[in-house]
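Next comes model_11.csv, with CSV, C-alpha atoms and all ligand atoms.
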```
chain,number,residue,atom,x,y,z
V,19,MET,CA,0.0,0.0,0.0
V,20,ASP,CA,1.2,3.4,-1.0
V,21,ALA,CA,-0.1,5.6,1.9
V,22,ALA,CA,0.2,8.8,-0.2
V,23,LYS,CA,-1.7,7.3,-3.1
V,24,VAL,CA,-4.6,6.2,-0.8
V,25,GLN,CA,-4.8,9.6,0.9
V,26,ALA,CA,-4.8,11.3,-2.5
V,27,ALA,CA,-7.6,9.0,-3.7
V,28,LEU,CA,-9.7,9.7,-0.5
V,29,LYS,CA,-9.2,13.4,-1.1
V,30,ASP,CA,-10.3,13.1,-4.8
V,31,LEU,CA,-13.4,11.3,-3.5
V,32,GLY,CA,-14.2,14.2,-1.2
V,33,GLN,CA,-13.8,12.2,1.9
V,34,PRO,CA,-13.0,13.7,5.4
V,35,GLY,CA,-9.5,13.4,6.9
V,36,TYR,CA,-10.5,10.7,9.4
V,37,ARG,CA,-11.2,8.2,6.6
V,38,TRP,CA,-7.5,7.7,6.2
V,39,ASP,CA,-7.2,6.7,9.8
V,40,GLN,CA,-10.0,4.2,9.3
V,41,VAL,CA,-8.2,2.7,6.3
V,42,ARG,CA,-4.8,2.7,8.0
V,43,LYS,CA,-6.0,0.9,11.1
V,44,ALA,CA,-7.9,-1.7,9.0
V,45,VAL,CA,-4.9,-2.4,6.7
V,46,PHE,CA,-2.0,-2.2,9.1
V,47,ASP,CA,-3.5,-3.2,12.5
V,48,GLN,CA,-6.1,-5.7,11.4
V,49,ALA,CA,-4.5,-7.0,8.1
V,50,VAL,CA,-7.6,-6.8,6.1
V,51,SER,CA,-7.0,-8.0,2.5
V,52,SER,CA,-9.9,-6.2,0.9
V,53,TYR,CA,-11.6,-2.8,1.3
V,54,ASP,CA,-14.9,-4.7,1.4
V,55,MET,CA,-13.9,-5.8,4.9
V,56,VAL,CA,-13.7,-2.2,6.1
V,57,ALA,CA,-17.3,-1.9,7.2
V,58,VAL,CA,-17.0,1.7,8.4
V,59,LEU,CA,-16.3,2.9,4.9
V,60,PRO,CA,-19.3,3.8,2.7
V,61,ALA,CA,-19.8,1.2,-0.1
V,62,GLU,CA,-19.0,3.6,-2.9
V,63,VAL,CA,-15.7,4.6,-1.2
V,64,ARG,CA,-14.7,0.9,-0.8
V,65,ALA,CA,-15.3,0.2,-4.5
V,66,ALA,CA,-13.5,3.4,-5.6
V,67,LEU,CA,-10.4,2.7,-3.5
V,68,GLY,CA,-10.2,-0.9,-4.8
V,69,GLU,CA,-10.0,0.6,-8.3
V,70,LYS,CA,-7.7,3.6,-7.7
V,71,ALA,CA,-5.4,2.4,-4.9
V,72,PRO,CA,-5.5,-1.4,-4.3
V,73,ILE,CA,-4.2,-2.6,-0.9
V,74,LEU,CA,-1.4,-4.8,-2.5
V,75,SER,CA,0.7,-3.8,-5.5
V,76,PHE,CA,0.9,-7.4,-6.8
V,77,SER,CA,-1.1,-10.5,-6.9
V,78,GLU,CA,-0.5,-14.0,-5.4
V,79,HIS,CA,0.6,-16.6,-7.9
V,80,ARG,CA,1.1,-19.4,-5.4
V,81,VAL,CA,2.2,-20.2,-1.9
V,82,ASP,CA,4.0,-23.4,-0.9
V,83,SER,CA,4.4,-24.6,2.6
V,84,SER,CA,7.2,-26.8,4.1
V,85,ALA,CA,6.2,-30.2,5.6
V,86,ASP,CA,6.8,-28.9,9.1
V,87,ALA,CA,4.8,-25.7,8.5
V,88,ARG,CA,7.7,-23.5,9.6
V,89,ALA,CA,8.5,-22.1,6.1
V,90,TYR,CA,6.3,-20.7,3.4
V,91,LYS,CA,7.4,-19.4,0.0
V,92,ALA,CA,5.2,-17.1,-2.1
V,93,LEU,CA,5.5,-16.3,-5.8
V,94,LEU,CA,4.0,-12.9,-6.5
V,95,ASP,CA,3.0,-11.6,-9.9
V,96,LEU,CA,3.9,-8.0,-10.6
V,97,PRO,CA,1.9,-5.6,-12.7
V,98,GLY,CA,3.4,-5.4,-16.2
V,99,GLY,CA,5.0,-8.8,-15.8
V,100,GLY,CA,7.7,-10.4,-13.7
V,101,THR,CA,7.5,-12.6,-10.6
V,102,ILE,CA,9.3,-12.3,-7.2
V,103,GLU,CA,9.7,-14.6,-4.3
V,104,THR,CA,9.2,-13.9,-0.7
V,105,VAL,CA,9.5,-16.2,2.3
V,106,LEU,CA,7.9,-16.5,5.7
V,107,LEU,CA,9.8,-18.4,8.4
V,108,LYS,CA,9.2,-19.5,11.9
V,109,PRO,CA,12.7,-20.0,13.3
V,110,SER,CA,11.5,-20.4,16.9
V,111,ALA,CA,8.2,-21.2,18.6
V,112,THR,CA,7.1,-17.6,19.0
V,113,ARG,CA,8.9,-15.6,16.2
V,114,TRP,CA,8.0,-15.1,12.6
V,115,THR,CA,10.4,-13.6,10.1
V,116,THR,CA,10.0,-12.7,6.5
V,117,CYS,CA,12.8,-12.6,3.9
V,118,ILE,CA,11.9,-10.0,1.2
V,119,SER,CA,13.1,-9.2,-2.3
V,120,SER,CA,14.3,-5.8,-3.5
V,121,GLN,CA,14.7,-6.5,-7.2
V,122,VAL,CA,13.3,-8.7,-10.0
V,123,GLY,CA,16.4,-10.8,-10.6
V,124,CYS,CA,19.9,-9.6,-9.6
V,125,ALA,CA,23.0,-8.2,-11.4
V,126,VAL,CA,25.5,-9.3,-8.8
V,127,GLY,CA,25.8,-12.7,-10.4
V,128,CYS,CA,26.8,-14.9,-7.5
V,129,THR,CA,27.6,-18.2,-9.1
V,130,PHE,CA,25.8,-20.3,-6.4
V,131,CYS,CA,22.6,-18.4,-6.6
V,132,ALA,CA,19.6,-19.2,-8.8
V,133,THR,CA,18.5,-15.5,-8.9
V,134,GLY,CA,22.0,-14.5,-9.9
V,135,LEU,CA,21.7,-16.7,-13.0
V,136,MET,CA,18.6,-14.8,-14.1
V,137,GLY,CA,20.2,-11.4,-14.5
V,138,LEU,CA,18.4,-8.1,-13.5
V,139,ALA,CA,15.0,-7.2,-14.9
V,140,ARG,CA,14.2,-4.2,-12.7
V,141,ASN,CA,14.2,-2.6,-9.2
V,142,LEU,CA,11.1,-3.0,-7.1
V,143,THR,CA,9.2,0.1,-6.0
V,144,PRO,CA,9.2,1.0,-2.3
V,145,GLU,CA,5.6,-0.1,-2.2
V,146,GLU,CA,6.3,-3.5,-3.8
V,147,ILE,CA,9.1,-4.1,-1.2
V,148,SER,CA,7.1,-3.2,1.9
V,149,ASP,CA,3.9,-4.9,0.6
V,150,GLN,CA,5.6,-8.3,0.9
V,151,VAL,CA,5.4,-7.8,4.7
V,152,LEU,CA,1.7,-6.8,4.4
V,153,PHE,CA,1.1,-9.9,2.2
V,154,TRP,CA,2.4,-12.2,4.9
V,155,ARG,CA,0.5,-10.5,7.6
V,156,GLN,CA,-2.7,-11.0,5.6
V,157,TYR,CA,-1.7,-14.6,4.8
V,158,MET,CA,-1.1,-15.4,8.5
V,159,LYS,CA,-4.5,-14.0,9.4
V,160,ARG,CA,-6.2,-15.9,6.6
V,161,MET,CA,-4.5,-19.2,7.6
V,162,GLY,CA,-4.9,-18.7,11.3
V,163,LEU,CA,-1.1,-18.7,12.0
V,164,ASP,CA,-0.5,-17.6,15.6
V,165,GLY,CA,2.0,-14.9,16.5
V,166,ARG,CA,3.1,-11.6,15.1
V,167,LEU,CA,5.4,-11.0,12.1
V,168,ASP,CA,7.8,-8.3,13.2
V,169,ASN,CA,11.2,-9.4,11.9
V,170,VAL,CA,12.2,-8.5,8.4
V,171,VAL,CA,15.3,-9.3,6.5
V,172,TYR,CA,16.2,-8.0,3.0
V,173,MET,CA,17.9,-11.2,1.7
V,174,GLY,CA,15.5,-12.3,-1.0
V,175,MET,CA,16.0,-11.7,-4.7
V,176,GLY,CA,18.2,-8.7,-5.5
V,177,GLU,CA,21.0,-6.5,-4.1
V,178,PRO,CA,19.3,-4.0,-1.8
V,179,PHE,CA,22.1,-1.4,-2.1
V,180,ALA,CA,21.8,-1.4,-5.9
V,181,CYS,CA,18.4,0.2,-5.4
V,182,TYR,CA,19.2,2.2,-2.3
V,183,GLU,CA,16.6,4.9,-2.8
V,184,GLN,CA,13.7,2.4,-3.0
V,185,VAL,CA,15.0,0.3,-0.1
V,186,SER,CA,15.4,3.4,2.0
V,187,ALA,CA,11.8,4.5,1.3
V,188,SER,CA,10.6,1.0,2.2
V,189,LEU,CA,12.5,1.0,5.4
V,190,ARG,CA,10.9,4.2,6.5
V,191,THR,CA,7.5,2.8,5.8
V,192,LEU,CA,8.2,-0.4,7.7
V,193,MET,CA,9.5,1.6,10.7
V,194,ASP,CA,6.7,4.2,10.6
V,195,GLN,CA,4.7,3.7,13.9
V,196,LYS,CA,1.5,4.6,12.1
V,197,LEU,CA,2.0,2.0,9.4
V,198,PHE,CA,3.9,-1.2,10.0
V,199,GLY,CA,5.5,-0.1,13.3
V,200,ILE,CA,8.5,-2.5,13.0
V,201,GLY,CA,11.4,-1.7,15.3
V,202,SER,CA,14.6,-0.8,13.5
V,203,ARG,CA,16.5,-3.5,15.5
V,204,HIS,CA,14.2,-6.1,14.1
V,205,ILE,CA,15.2,-5.3,10.5
V,206,SER,CA,18.3,-6.5,8.7
V,207,VAL,CA,19.6,-5.6,5.3
V,208,SER,CA,22.1,-7.8,3.5
V,209,THR,CA,24.5,-6.5,0.9
V,210,SER,CA,27.1,-8.3,-1.2
V,211,GLY,CA,29.3,-5.3,-0.6
V,212,VAL,CA,28.4,-2.1,-2.4
V,213,ALA,CA,31.0,-0.1,-0.5
V,214,PRO,CA,29.7,3.5,-1.0
V,215,ARG,CA,26.2,2.6,0.1
V,216,ILE,CA,27.5,0.9,3.3
V,217,GLU,CA,28.6,4.3,4.6
V,218,ASP,CA,25.3,5.9,3.5
V,219,PHE,CA,23.4,3.2,5.3
V,220,GLY,CA,25.4,3.7,8.5
V,221,ARG,CA,24.5,7.4,8.4
V,222,ASP,CA,20.9,7.0,7.4
V,223,PHE,CA,19.9,3.9,9.3
V,224,PRO,CA,22.3,3.5,12.2
V,225,GLN,CA,19.9,1.2,14.2
V,226,VAL,CA,19.0,-1.2,11.4
V,227,ASN,CA,21.2,-4.4,11.3
V,228,LEU,CA,23.6,-4.8,8.4
V,229,ALA,CA,24.8,-8.2,7.0
V,230,ILE,CA,27.5,-8.7,4.5
V,231,SER,CA,27.3,-11.6,2.1
V,232,LEU,CA,31.0,-12.3,2.1
V,233,HIS,CA,31.5,-16.0,1.1
V,234,ALA,CA,35.3,-15.7,0.6
V,235,ALA,CA,38.1,-13.6,2.0
V,236,THR,CA,40.6,-13.5,-0.8
V,237,ASP,CA,40.0,-11.4,-3.9
V,238,GLU,CA,40.8,-14.2,-6.3
V,239,LEU,CA,38.2,-16.6,-4.8
V,240,ARG,CA,35.6,-13.9,-4.0
V,241,THR,CA,35.7,-12.5,-7.5
V,242,ARG,CA,35.0,-16.0,-8.8
V,243,LEU,CA,32.0,-16.6,-6.4
V,244,VAL,CA,30.7,-13.0,-6.2
V,245,PRO,CA,31.7,-11.3,-9.4
V,246,MET,CA,30.8,-7.8,-8.1
V,247,ASN,CA,33.9,-8.1,-6.0
V,248,LYS,CA,35.8,-6.8,-9.1
V,249,ALA,CA,34.0,-3.4,-8.6
V,250,TYR,CA,34.4,-3.4,-4.8
V,251,PRO,CA,37.4,-5.6,-3.9
V,252,LEU,CA,38.0,-6.6,-0.3
V,253,ALA,CA,40.3,-3.7,0.6
V,254,LYS,CA,37.6,-1.2,-0.5
V,255,LEU,CA,34.9,-3.2,1.4
V,256,ALA,CA,37.1,-3.3,4.5
V,257,ASP,CA,37.5,0.5,4.4
V,258,ALA,CA,33.8,1.0,4.2
V,259,LEU,CA,33.1,-1.4,7.0
V,260,LYS,CA,35.7,0.2,9.3
V,261,LYS,CA,33.9,3.5,8.8
V,262,TYR,CA,30.6,1.9,9.4
V,263,LEU,CA,31.8,0.4,12.7
V,264,THR,CA,33.2,3.7,13.9
V,265,MET,CA,30.0,5.5,13.0
V,266,THR,CA,27.5,3.1,14.5
V,267,ASN,CA,29.3,0.8,17.0
V,268,ARG,CA,26.8,-1.8,15.9
V,269,LYS,CA,27.3,-5.5,15.5
V,270,LEU,CA,28.0,-6.6,11.9
V,271,PHE,CA,26.9,-10.0,10.5
V,272,PHE,CA,28.9,-11.9,7.8
V,273,GLU,CA,27.1,-14.5,5.7
V,274,TYR,CA,29.3,-17.2,4.4
V,275,VAL,CA,27.8,-20.0,2.3
V,276,LEU,CA,30.0,-23.1,2.6
V,277,LEU,CA,30.8,-24.7,-0.8
V,278,LYS,CA,32.4,-28.1,-0.7
V,279,GLY,CA,36.1,-28.0,-1.7
V,280,GLU,CA,35.9,-24.3,-2.8
V,281,ASN,CA,35.7,-22.0,0.2
V,282,ASP,CA,35.5,-24.5,3.1
V,283,ARG,CA,39.2,-25.4,3.5
V,284,PRO,CA,41.4,-24.6,6.5
V,285,GLN,CA,43.2,-22.0,4.5
V,286,ASP,CA,39.9,-20.3,3.7
V,287,ALA,CA,38.9,-20.2,7.4
V,288,GLN,CA,42.4,-18.7,8.1
V,289,ALA,CA,41.9,-16.0,5.4
V,290,LEU,CA,38.5,-15.2,6.8
V,291,VAL,CA,39.8,-14.8,10.3
V,292,SER,CA,42.7,-12.6,9.2
V,293,TRP,CA,40.5,-10.3,7.1
V,294,LEU,CA,37.9,-9.9,9.8
V,295,LYS,CA,40.5,-9.2,12.5
V,296,GLY,CA,41.5,-6.1,10.5
V,297,LEU,CA,38.0,-4.6,10.7
V,298,GLY,CA,37.5,-3.7,14.3
V,299,PRO,CA,36.6,-5.2,17.7
V,300,LEU,CA,35.9,-8.9,17.5
V,301,SER,CA,32.9,-8.5,19.8
V,302,LEU,CA,31.2,-6.6,17.0
V,303,LEU,CA,31.7,-9.3,14.4
V,304,HIS,CA,29.5,-12.3,13.9
V,305,VAL,CA,29.9,-15.0,11.2
V,306,ASN,CA,26.9,-17.0,10.0
V,307,LEU,CA,28.1,-20.1,8.2
V,308,ILE,CA,25.3,-21.3,5.9
V,309,VAL,CA,24.9,-24.8,4.6
V,310,PHE,CA,24.4,-24.4,0.9
V,311,ASN,CA,20.9,-25.0,-0.5
V,312,GLN,CA,21.5,-26.9,-3.7
V,313,THR,CA,20.5,-24.9,-6.8
V,314,ASP,CA,21.0,-25.5,-10.5
V,315,THR,CA,24.7,-24.7,-10.2
V,316,PRO,CA,27.9,-26.8,-10.2
V,317,HIS,CA,28.5,-26.2,-6.5
V,318,GLN,CA,28.1,-28.8,-3.8
V,319,PRO,CA,27.2,-28.4,-0.1
V,320,THR,CA,29.9,-28.8,2.5
V,321,ASP,CA,29.6,-31.9,4.8
V,322,GLU,CA,28.2,-31.3,8.2
V,323,SER,CA,31.5,-32.4,9.9
V,324,ASP,CA,33.5,-30.0,7.6
V,325,ALA,CA,31.1,-27.2,8.5
V,326,ARG,CA,31.8,-27.8,12.2
V,327,ARG,CA,35.5,-28.0,11.7
V,328,PHE,CA,35.4,-24.6,9.8
V,329,GLN,CA,33.2,-23.1,12.6
V,330,GLU,CA,35.7,-24.3,15.3
V,331,GLN,CA,38.6,-22.8,13.5
V,332,VAL,CA,36.9,-19.5,13.2
V,333,MET,CA,35.8,-19.5,16.8
V,334,SER,CA,39.2,-20.5,18.1
V,335,SER,CA,40.4,-17.0,17.0
V,336,GLY,CA,37.9,-15.4,19.4
V,337,LEU,CA,35.2,-14.6,16.8
V,338,LYS,CA,31.6,-15.7,17.1
V,339,ALA,CA,30.3,-18.1,14.5
V,340,THR,CA,27.1,-20.1,14.1
V,341,VAL,CA,26.3,-22.8,11.5
V,342,ARG,CA,22.8,-22.4,9.9
V,343,GLN,CA,20.7,-25.0,8.2
V,344,ASN,CA,18.2,-24.3,5.6
V,345,LEU,CA,14.6,-24.2,6.7
V,346,GLY,CA,12.1,-25.2,4.0
V,347,ARG,CA,14.5,-27.1,1.7
V,348,ASP,CA,11.5,-28.9,0.4
V,349,ILE,CA,10.0,-25.7,-1.0
V,350,GLY,CA,13.3,-24.4,-2.5
V,351,GLY,CA,13.4,-21.3,-0.4
V,352,ALA,CA,14.5,-18.0,-2.0
V,353,CYS,CA,18.1,-17.5,-3.2
V,354,GLY,CA,19.4,-20.0,-0.6
V,355,GLN,CA,20.9,-17.4,1.6
V,356,LEU,CA,18.4,-16.9,4.3
V,357,VAL,CA,15.9,-19.8,4.5
V,358,VAL,CA,17.7,-20.9,7.6
V,359,LEU,CA,17.3,-22.3,11.0
V,360,GLU,CA,19.9,-21.3,13.5
V,361,LYS,CA,21.4,-24.3,15.1
V,362,ALA,CA,23.2,-24.4,18.4
V,363,ALA,CA,26.6,-23.0,18.0
O,1,LIG,S1,23.1,-14.2,-3.7
O,1,LIG,FE1,21.9,-12.3,-3.5
O,1,LIG,S2,23.4,-10.8,-4.3
O,1,LIG,FE2,24.1,-12.8,-5.0
O,1,LIG,S3,23.1,-13.0,-7.0
O,1,LIG,FE3,21.8,-14.0,-5.5
O,1,LIG,S4,20.3,-12.4,-5.0
O,1,LIG,FE4,22.1,-11.4,-6.0
```
Before we go any further, please render this structure as structure tokens.
Amino acid sequence: MDAAKVQAALKDLGQPGYRWDQVRKAVFDQAVSSYDMVAVLPAEVRAALGEKAPILSFSEHRVDSSADARAYKALLDLPGGGTIETVLLKPSATRWTTCISSQVGCAVGCTFCATGLMGLARNLTPEEISDQVLFWRQYMKRMGLDGRLDNVVYMGMGEPFACYEQVSASLRTLMDQKLFGIGSRHISVSTSGVAPRIEDFGRDFPQVNLAISLHAATDELRTRLVPMNKAYPLAKLADALKKYLTMTNRKLFFEYVLLKGENDRPQDAQALVSWLKGLGPLSLLHVNLIVFNQTDTPHQPTDESDARRFQEQVMSSGLKATVRQNLGRDIGGACGQLVVLEKAA
């Protein structure tokens, strides 16, 4: 929902100011999925709003659920063509989290990612980004799923810092107390390392969590796995992260997808530790090791025992590291980065 568009439509319809409050409460507090469910609105206003400013900016194509009902993946059809994925997860008994997309496709081209193989079609609008959260709140209500969805991670399709303006606007909407009301510390944005935007983000959103999709700590290997590393090599990324840490003093998260025989060797763990140690206080750095979710790529997942060995090597340096498993493997969740369940470290 684009709040400004709805307010303009209400004004065009000659409606008094309090109508917006009625719509806002119904959509954001009660998660209604149709204006027809807002009984306080006159019938002609409901019909006109449905035409001029629909609640959602896309339509549901399908929703798949994992066998354990802790992961859901939706395919959403965009106006004018194009489909995006968004995922709803229940990583613990009481919490719901959504992983949302910021672009249709992605230009970063990570070689282990199905989305990266698609290339970039377009950026999402701010409304299309924040509507993914609204979609899941409506879905939870419709399906009777208990609990509240108030954790959001920007780790679906796309590179959020390649569409910084749209992502910034969507963050403001999600954090707006009169709209979604999601606390800044419950939101995480993941970038593959667009260095100039990292500094902007630290300045603009110092309370929102930042994660770096690192996956390798030498330029040779990282350029092979994350081709955007050519534009922002590790030295440039390190400079931006040092400034970010100085500016925010916030914890930084590093995502590292373990690929068998490629980036999971003892020398890779050593390179990771050395690079991270150059950034700042170890207490502010957290490594998430992710067991690869098999996609149509030549990469293979690391064995469980090798993942533990890698984790122990990283932790022996004083860094915090967790190994994460994919939640919802049976529904082929998102780009394989975040459909995860945190396991005991
Ligand atoms: S992993 Fe993320 S950044 Fe890399 S290609 Fe896939 S969507 Fe883009």
field: Separation of CA of Gly199 in chain V from CA of Met19 in chain V, in Å and rounded to one decimal
entry: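 Between these atoms lies a distance of 14.4 Å.
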message: Could you tell me how far CA of Ala44 in chain V sits from CA of Asp95 in chain V, in Å to one decimal place?
response: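 Separation between CA of Asp95 in chain V and CA of Ala44 in chain V: 24.0 Å.
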- prompt: V:Gln25, V:Asn141, V:Thr191, V:Thr129: which is nearest ligand LIG 1 (chain O), counting all atoms listed in the file?
  reply: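 Distance minimum relative to ligand LIG 1 (chain O) lands on V:Thr129.
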task: Using all atoms listed in the file, find the one residue out of V:Pro284, V:Pro245, V:Pro224, V:Pro60 that sits nearest to ligand LIG 1 (chain O).
output: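 Of the candidates, the smallest distance to ligand LIG 1 (chain O) is held by V:Pro245.
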query: Around (-8.4, 10.4, -1.2) in the file's frame, which residues reach within 10 Å when counting only C-alpha atoms? Return as a PyMOL selection string?
result: chain V and resi 22-35+37-38+63+66-67+70-71
I need the chosen residues saved as a PDB file, in the frame of the given file, with C-alpha atoms.
```
ATOM      1  CA  ALA V  22       0.200   8.800  -0.200  1.00  0.00           C
ATOM      2  CA  LYS V  23      -1.700   7.300  -3.100  1.00  0.00           C
ATOM      3  CA  VAL V  24      -4.600   6.200  -0.800  1.00  0.00           C
ATOM      4  CA  GLN V  25      -4.800   9.600   0.900  1.00  0.00           C
ATOM      5  CA  ALA V  26      -4.800  11.300  -2.500  1.00  0.00           C
ATOM      6  CA  ALA V  27      -7.600   9.000  -3.700  1.00  0.00           C
ATOM      7  CA  LEU V  28      -9.700   9.700  -0.500  1.00  0.00           C
ATOM      8  CA  LYS V  29      -9.200  13.400  -1.100  1.00  0.00           C
ATOM      9  CA  ASP V  30     -10.300  13.100  -4.800  1.00  0.00           C
ATOM     10  CA  LEU V  31     -13.400  11.300  -3.500  1.00  0.00           C
ATOM     11  CA  GLY V  32     -14.200  14.200  -1.200  1.00  0.00           C
ATOM     12  CA  GLN V  33     -13.800  12.200   1.900  1.00  0.00           C
ATOM     13  CA  PRO V  34     -13.000  13.700   5.400  1.00  0.00           C
ATOM     14  CA  GLY V  35      -9.500  13.400   6.900  1.00  0.00           C
ATOM     15  CA  ARG V  37     -11.200   8.200   6.600  1.00  0.00           C
ATOM     16  CA  TRP V  38      -7.500   7.700   6.200  1.00  0.00           C
ATOM     17  CA  VAL V  63     -15.700   4.600  -1.200  1.00  0.00           C
ATOM     18  CA  ALA V  66     -13.500   3.400  -5.600  1.00  0.00           C
ATOM     19  CA  LEU V  67     -10.400   2.700  -3.500  1.00  0.00           C
ATOM     20  CA  LYS V  70      -7.700   3.600  -7.700  1.00  0.00           C
ATOM     21  CA  ALA V  71      -5.400   2.400  -4.900  1.00  0.00           C
TER      22      ALA V  71
END
```
task: Using all atoms listed in the file, determine which residues lie at most 12 Å from range 257-272 of chain V, disregarding the query and same-chain residues fewer than 4 positions distant; provide the list as a ChimeraX atom specification.
output: /V:203,206-235,250-253,290-291,293-308,337-341,355
message: Neighbouring residues of ligand LIG 1 (chain O) are defined here as those with any atom at most 6 Å from a ligand atom, counting only C-alpha atoms and all ligand atoms; list them as a ChimeraX atom specification.
response: /V:124,126-128,131,133-134,175-177,210,353
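Contact shell of range 182-187 of chain V at 6 Å (only C-alpha atoms; same-chain neighbours under 3 positions omitted): Thr143, Pro144, Phe179 and Arg190 of chain V.
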query: So how far away is CA of Glu103 in chain V from CA of Lys159 in chain V, in Å?
result: 19.7 Å
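Minimum distance to Ala325 in chain V across V:Glu273, V:Asp282, V:Glu69, V:Asp237 (counting only C-alpha atoms) occurs at V:Asp282.
Each of V:Asp20, V:Gly98, V:Arg88, V:Ala111 was checked against Ile147 in chain V using all atoms listed in the file; the smallest atom-to-atom distance is that of V:Asp20.
The set of protein, DNA and RNA residues with any counted atom at most 6 Å from (36.5, -19.2, -2.3) (all atoms listed in the file) reads Ala234, Leu239, Arg240, Glu280 and Asn281 of chain V.
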query: Given the choices V:Phe130, V:Arg326, V:Leu197, V:Cys181, which gets closest to Val275 in chain V if the distance is worked out from only C-alpha atoms?
result: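 Comparing V:Phe130, V:Arg326, V:Leu197, V:Cys181 against Val275 in chain V, the winner is V:Phe130.
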- request: Find the spatial neighbours of Asn169 in chain V, counting all atoms listed in the file, within a cut-off of 6 Å - ignore same-chain residues fewer than 4 positions away - and output them as number ranges by chain.
  value: V: 115, 204-205
As a PDB file, in the frame of the given file, could you write out range 21-26 of chain V once it has been completed with all heavy atoms?
```pdb
ATOM      1  N   ALA V  21       0.730   4.779   1.008  1.00  0.00           N
ATOM      2  CA  ALA V  21      -0.100   5.600   1.900  1.00  0.00           C
ATOM      3  C   ALA V  21      -0.487   6.923   1.188  1.00  0.00           C
ATOM      4  O   ALA V  21      -1.637   7.380   1.268  1.00  0.00           O
ATOM      5  CB  ALA V  21       0.582   5.864   3.199  1.00  0.00           C
ATOM      6  N   ALA V  22       0.471   7.528   0.489  1.00  0.00           N
ATOM      7  CA  ALA V  22       0.200   8.800  -0.200  1.00  0.00           C
ATOM      8  C   ALA V  22      -0.843   8.670  -1.253  1.00  0.00           C
ATOM      9  O   ALA V  22      -1.716   9.531  -1.423  1.00  0.00           O
ATOM     10  CB  ALA V  22       1.506   9.386  -0.727  1.00  0.00           C
ATOM     11  N   LYS V  23      -0.762   7.545  -1.985  1.00  0.00           N
ATOM     12  CA  LYS V  23      -1.700   7.300  -3.100  1.00  0.00           C
ATOM     13  C   LYS V  23      -3.140   7.141  -2.507  1.00  0.00           C
ATOM     14  O   LYS V  23      -4.109   7.666  -3.049  1.00  0.00           O
ATOM     15  CB  LYS V  23      -1.303   6.054  -3.849  1.00  0.00           C
ATOM     16  CG  LYS V  23      -1.813   6.035  -5.281  1.00  0.00           C
ATOM     17  CD  LYS V  23      -1.760   4.660  -5.909  1.00  0.00           C
ATOM     18  CE  LYS V  23      -0.392   4.130  -6.175  1.00  0.00           C
ATOM     19  NZ  LYS V  23      -0.405   2.761  -6.757  1.00  0.00           N
ATOM     20  N   VAL V  24      -3.258   6.426  -1.404  1.00  0.00           N
ATOM     21  CA  VAL V  24      -4.600   6.200  -0.800  1.00  0.00           C
ATOM     22  C   VAL V  24      -5.142   7.523  -0.270  1.00  0.00           C
ATOM     23  O   VAL V  24      -6.323   7.843  -0.472  1.00  0.00           O
ATOM     24  CB  VAL V  24      -4.499   5.158   0.333  1.00  0.00           C
ATOM     25  CG1 VAL V  24      -5.860   4.986   1.005  1.00  0.00           C
ATOM     26  CG2 VAL V  24      -4.014   3.825  -0.216  1.00  0.00           C
ATOM     27  N   GLN V  25      -4.278   8.315   0.371  1.00  0.00           N
ATOM     28  CA  GLN V  25      -4.800   9.600   0.900  1.00  0.00           C
ATOM     29  C   GLN V  25      -5.208  10.519  -0.224  1.00  0.00           C
ATOM     30  O   GLN V  25      -6.222  11.213  -0.109  1.00  0.00           O
ATOM     31  CB  GLN V  25      -3.648  10.257   1.737  1.00  0.00           C
ATOM     32  CG  GLN V  25      -3.430   9.525   3.061  1.00  0.00           C
ATOM     33  CD  GLN V  25      -2.235  10.049   3.837  1.00  0.00           C
ATOM     34  OE1 GLN V  25      -2.313  11.077   4.486  1.00  0.00           O
ATOM     35  NE2 GLN V  25      -1.131   9.343   3.750  1.00  0.00           N
ATOM     36  N   ALA V  26      -4.462  10.506  -1.338  1.00  0.00           N
ATOM     37  CA  ALA V  26      -4.800  11.300  -2.500  1.00  0.00           C
ATOM     38  C   ALA V  26      -6.176  10.857  -3.064  1.00  0.00           C
ATOM     39  O   ALA V  26      -7.047  11.669  -3.421  1.00  0.00           O
ATOM     40  CB  ALA V  26      -3.754  11.297  -3.550  1.00  0.00           C
TER      41      ALA V  26
END
```
